[in-house]
Every structure is written in structure tokens, then in C-alpha cells.
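Here is the structure we will look at, set down as C-alpha cells.
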Amino acid sequence: MKRFVLFLLKFIIVLGLAYGAYHALFWFLWQSEICPDAYDHAYQKALLLQYQALAEEGREPEVIVFGSSYVPFGIDVSVMEEELDRPVQILGIEAGIGIPVLVDILHETAKPGDTIVYMLGKSNWYNEDFMVISAALESDKERLAHYWSLREGTLDGYRNKMIWRKLYALFAGDLVEIVRSGISSNKQVYSLDSFDEKGNMTVLREGTLIGTEVSPTDTLCFEDMELETMDMLNEFAFWCEEQNITFVIAYSMTIDGSLIETEKELAQYHEQMTDYMNADILGVPQDYFLPVEYFYNHTAHLNSEGAAAYSEILSEKLLEYEGIR
């Protein structure tokens with residue numbers, strides 16, 4: 001009996017030490033200031049640059065365009081700033097970030113006088129990748145802890161994944177990049193170096209990497225929209241009104257000739273969107289149709305020339321909405 005009690009005590013002590021070591025390792029990797037960053041060059045980290053730019057104390061009211069990956073691929077900040085004669089800021093990296101995270105950031109950083117434009121596309125994802133966002137905020141422990149506090153309980157289910165992913169990034173990430181650069185010398189579009197602090201994709205995106213044969217195979221219908229996201233945006237619209245912030249919606253880019261919907265069906269879609277949303281919508285879907293030659297590596301990603309063209313359209317619609325033109 002005494003042996004069993006002794007064994008049980010040793011087992012409990014070992015278990016306690018293992019549990020403590022596990023949490024100490026997680027703390028060291030993700031919460032301490034002394035552990036090296038593993039995602040310094042990850043393109044998702046551009047989210048932190050955007051976050052910091054919006055949170056800058058004393059910044060002037062500006063036009064903020066947010067949404068999924070079609071925002072950084074589709075907006076040329078310099079074009080919009082020239083057209084609008086106002087500072088412009090992008091908030092958005094990829095669909096995996098999730099729209100709720102971007103809305104949380106805007107709740108924290110938007111100020112009276114801002115004009116916020118949500119680019120409405122098919123990637124209106126309500127879900128988010130907790131690991132991706134944690135990696136994006138990795139170097140700013142305060143903002144990282146704030147994000148975790150907003151997703152109370154989620155961290156517990158991700159600790160194992162986050163430990164192993166960061167260990168892999170720390171010890172194998174550089175080797176993988178050396179191999180990649182040895183295979184191809186092409187500049188990576190998906191890199192932190194591709195973004196500036198305004199969220200602008202500064203990397204030159206030339207040509208069209210998708211098929212240029214266009215036929216009506218894609219759809220644009222209200223039933224495909226994620227209503228959770230739309231409802232959250234409706235609540236956000238009320239909040240903006242209370243804060244003296246202008247909030248409007250713009251349709252994202254579409255390849256001209258790619259939709260199966262008729263003009264009548266597109267008008268019905270626009271009417272459904274207008275009826276459902278609390279925010280005003282700038283123009284109609286057809287206003288944002290662009291030739292396939294303006295698209296880059298995805299049907300929602302524009303090349304540099306296309307981004308300039310879309311930015312001119314959006315600026316014009318915004319000026320018309322404000323009664324300036």
C-alpha cells in the first residue's frame with residue numbers, strides 16, 4: 001500500500017511538472033519578450049502594420065477601405081488619395097483573417113470624421129483562423145493579448161498547434177525559404193515586403209496569370225452571402241452613425257462577361273442587398289466590372305493596372321455619394 005501511495009505521489013508530481021513545463025513553453029514562445037519572432041516576414045503580419053497605422057495617436061480622419069484579400073489587391077492608395085484629396089488606409093489581408101477581426105480593430109481605432117468603405121465580395125467570411133491572426137500580431141504582445149481576450153476560451157484549443165507551428169517556423173522556416181529561393185528567384189507577392197504601412201501592395205503585379213477565355217460561368221446572388229457577416233455589418237453601421245463616422249459599401253471587382261445573371265437578375269441582387277443592409281451601397285455591381293486583363297492570379301485579385309482602374313471607379317462613386325461630383 002505504501003508503495004502504491006508513493007508511486008501515486010510521484011506520478012502526480014511528474015504530471016504537475018509536465019503541465020507546468022508545457023505552459024512555460026507556451027508562455028516563452030508566445031508571451032515573453034525574449035523569444036525571437038518567427039513570422040517577421042509573413043505577409044499576414046501586414047495586418048499589424050495596418051492596425052498600428054489606424055491606432056496612431058493624432059492621425060487625421062481618413063478613408064478606410066476594408067475587406068478580404070481583394071482589398072489589398074484591388075486598391076491603389078496613391079490613386080485614391082489623388083482623386084479624393086484625403087488620406088486613405090487599407091485594412092485587410094486575406095479571407096482567413098475574418099471580417100469580425102477587422103470590425104473589432106475598427107471599433108478600437110476608427111474616429112469621428114472617418115469614412116469607412118466595406119468592399120463586398122464573395123469572401124465575406126465570418127470565420128477566422130486563430131493561428132493566422134496570432135501570428136500576425138505576434139510581435140505586439142499587448143495587441144495579441146487583447147485579441148485573445150476578445151476570443152475567450154479559444155486559445156485553449158489552439159495551444160498545441162501554436163507551440164508546434166512556432167517551433168517549426170523558428171527552426172525550419174529559414175531553411176524552407178533558402179530552398180524556395182534556390183528553386184525560384186521570382187519576388188514573392190505574398191510577403192510582408194509587398195505591403196506598406198497603409199496596407200498598399202507595393203509589389204508590381206504585371207500581366208494576367210489566370211485564363212483569359214471568359215464565359216458566363218460564375219454567379220452573383222444574395223443566397224451566397226454569409227448573413228452572419230451581413231448582420232454584424234448592420235450593427236457596425238449603427239455604431240458608425242453614433243460615432244459620426246460615415247460607413248458605406250462598395251461592390252468588389254468582377255470579370256466582365258463572367259456572370260450568368262442577366263441584367264434583371266443583377267438588379268434584383270442589388271435590390272436585395274440594398275433592402276438588407278443598413279449602410280448605403282455605392283453604385284451597382286455592373287459599375288465594378290473590369291476586363292479579364294486587369295486580373296492577376298485570382299478572379300478577385302487585380303494586377304497593378306487593374307487596381308488603379310478599380311480605385312478610380314471607387315473614388316468616383318464615393319465623390320458622387322458625397323455630392324462632390
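Identifiers for the C-alpha cells are assigned positionally: chains receive A, B, ... in sequence, residues are indexed from 1 per chain, and ligands are indexed from 1 in the order shown.
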* Asked: Can you list, as a PyMOL selection string, every protein, DNA or RNA residue that comes within 12 Å of stretch 141-146 of chain A when you count only C-alpha atoms, leaving out same-chain residues fewer than 2 positions away?
  -> chain A and resi 27-35+37+45+47-49+51-52+55+101+104-105+108+130-139+148-152+155
* Residue set, stretch 102-188 of chain A restricted to strand (DSSP E or B), as a PyMOL selection string -> chain A and resi 115-120
So that each row is one residue of stretch 41-138 of chain A with an atom at most 8 Å from stretch 292-314 of chain A, can you give its shortest atom pair and the distance in Å to one decimal, using only C-alpha atoms, rows by chain and rising number, as a Markdown table?
| residue | atom | partner | partner_atom | distance |
| --- | --- | --- | --- | --- |
| A:Ser69 | CA | A:His301 | CA | 7.4 |
| A:Tyr70 | CA | A:His301 | CA | 5.3 |
| A:Phe73 | CA | A:His301 | CA | 5.2 |
| A:Gly74 | CA | A:Ala307 | CA | 4.4 |
| A:Ile75 | CA | A:Ala307 | CA | 5.2 |
| A:Asp76 | CA | A:Ala308 | CA | 5.4 |
| A:Val77 | CA | A:Ser311 | CA | 7.7 |
| A:Val79 | CA | A:Ala308 | CA | 6.2 |
| A:Met80 | CA | A:Ser311 | CA | 5.8 |
| A:Glu83 | CA | A:Glu312 | CA | 7.2 |
Prev. selection, all heavy atoms, output as a CSV table (one decimal), in the first residue's frame:
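And here's again.csv as it stands now:
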chain,number,residue,atom,x,y,z
A,69,SER,N,-9.0,39.7,-49.2
A,69,SER,CA,-7.8,39.9,-50.0
A,69,SER,C,-8.0,40.7,-51.2
A,69,SER,O,-7.0,41.3,-51.7
A,69,SER,CB,-7.2,38.5,-50.4
A,69,SER,OG,-8.1,37.8,-51.2
A,70,TYR,N,-9.2,40.8,-51.7
A,70,TYR,CA,-9.5,41.7,-52.9
A,70,TYR,C,-9.3,43.1,-52.6
A,70,TYR,O,-9.1,43.9,-53.5
A,70,TYR,CB,-10.9,41.4,-53.4
A,70,TYR,CG,-12.0,41.3,-52.4
A,70,TYR,CD1,-12.4,42.4,-51.7
A,70,TYR,CD2,-12.5,40.1,-52.1
A,70,TYR,CE1,-13.4,42.3,-50.7
A,70,TYR,CE2,-13.5,40.0,-51.1
A,70,TYR,CZ,-14.0,41.1,-50.4
A,70,TYR,OH,-14.9,41.0,-49.5
A,73,PHE,N,-5.3,43.7,-53.0
A,73,PHE,CA,-5.1,43.5,-54.4
A,73,PHE,C,-5.8,44.5,-55.3
A,73,PHE,O,-5.4,44.7,-56.5
A,73,PHE,CB,-5.5,42.1,-54.8
A,73,PHE,CG,-4.4,41.0,-54.6
A,73,PHE,CD1,-4.4,40.3,-53.4
A,73,PHE,CD2,-3.5,40.8,-55.6
A,73,PHE,CE1,-3.4,39.3,-53.2
A,73,PHE,CE2,-2.5,39.8,-55.4
A,73,PHE,CZ,-2.5,39.1,-54.2
A,74,GLY,N,-6.9,45.1,-54.8
A,74,GLY,CA,-7.7,45.9,-55.6
A,74,GLY,C,-7.6,47.4,-55.4
A,74,GLY,O,-8.2,48.2,-56.2
A,75,ILE,N,-7.0,47.8,-54.4
A,75,ILE,CA,-6.9,49.3,-54.1
A,75,ILE,C,-5.5,49.8,-54.3
A,75,ILE,O,-4.5,49.2,-53.8
A,75,ILE,CB,-7.3,49.6,-52.6
A,75,ILE,CG1,-8.8,49.2,-52.4
A,75,ILE,CG2,-7.1,51.0,-52.3
A,75,ILE,CD1,-9.8,50.0,-53.2
A,76,ASP,N,-5.4,50.9,-55.0
A,76,ASP,CA,-4.1,51.6,-55.2
A,76,ASP,C,-4.3,52.9,-54.4
A,76,ASP,O,-5.0,53.8,-54.8
A,76,ASP,CB,-3.9,51.9,-56.7
A,76,ASP,CG,-2.5,52.6,-56.9
A,76,ASP,OD1,-2.1,53.5,-56.0
A,76,ASP,OD2,-1.8,52.3,-57.8
A,77,VAL,N,-3.7,52.9,-53.2
A,77,VAL,CA,-3.9,54.1,-52.3
A,77,VAL,C,-3.5,55.4,-52.9
A,77,VAL,O,-4.2,56.4,-52.7
A,77,VAL,CB,-3.1,53.8,-51.0
A,77,VAL,CG1,-3.0,55.1,-50.1
A,77,VAL,CG2,-3.7,52.7,-50.2
A,79,VAL,N,-3.7,56.4,-56.0
A,79,VAL,CA,-4.7,56.8,-56.9
A,79,VAL,C,-5.9,57.4,-56.2
A,79,VAL,O,-6.4,58.4,-56.5
A,79,VAL,CB,-5.2,55.6,-57.8
A,79,VAL,CG1,-6.4,56.0,-58.6
A,79,VAL,CG2,-4.0,55.2,-58.8
A,80,MET,N,-6.3,56.7,-55.1
A,80,MET,CA,-7.5,57.2,-54.4
A,80,MET,C,-7.2,58.5,-53.6
A,80,MET,O,-8.0,59.4,-53.6
A,80,MET,CB,-7.9,56.1,-53.4
A,80,MET,CG,-8.6,54.9,-54.0
A,80,MET,SD,-9.5,53.9,-52.8
A,80,MET,CE,-10.9,55.0,-52.3
A,83,GLU,N,-7.4,61.3,-56.1
A,83,GLU,CA,-8.8,61.5,-56.6
A,83,GLU,C,-9.6,62.2,-55.4
A,83,GLU,O,-10.4,63.1,-55.7
A,83,GLU,CB,-9.4,60.2,-57.0
A,83,GLU,CG,-8.9,59.6,-58.3
A,83,GLU,CD,-9.3,60.4,-59.5
A,83,GLU,OE1,-10.4,60.9,-59.5
A,83,GLU,OE2,-8.5,60.4,-60.5
* Can you list, as number ranges by chain, all residues belonging to stretch 110-268 of chain A that DSSP tags as alpha helix (DSSP H)? => A: 130-136, 141-150, 159-183, 227-242, 263-268
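Take the candidates A:Pro36, A:Gly58, A:Gly92, A:Gly20 and check each one against A:Met201 using only C-alpha atoms; the shortest distance goes to A:Gly92.
Using only C-alpha atoms, the nearest neighbour of A:His41 within the list A:Met277, A:Ala169, A:Leu290, A:Leu259 is A:Ala169.
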* Considering only C-alpha atoms, return as number ranges by chain whatever protein or nucleic-acid residues lie within 12 Å of stretch 224-234 of chain A, sequence-local ones (same chain, fewer than 6 positions apart) excluded. => A: 66-67, 98-104, 106-107, 116-128, 218, 240-241, 247-249, 269, 272-280
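Proximity to A:Val214 was assessed for A:Ser78, A:Ser68, A:Ser258, A:Thr202 counting only C-alpha atoms; the smallest distance is recorded for A:Ser258.
Taking atom CA of A:Tyr147 and atom CA of A:Asp114 as endpoints, the distance between them is 23.2 Å.
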* **Among the residues A:Val189, A:Val284, A:Met253, A:Ala110, the one that comes closest to A:Leu266 [using only C-alpha atoms]** => A:Val284
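Atom CA of A:Ala46 is found 12.5 Å from atom CA of A:Asp140.
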* For A:Ile260, please output as an MDAnalysis selection string all residues within 10 Å (counting only C-alpha atoms; exclusion window: fewer than 5 positions along the same chain). => chainID A and resid 215:220 265:266
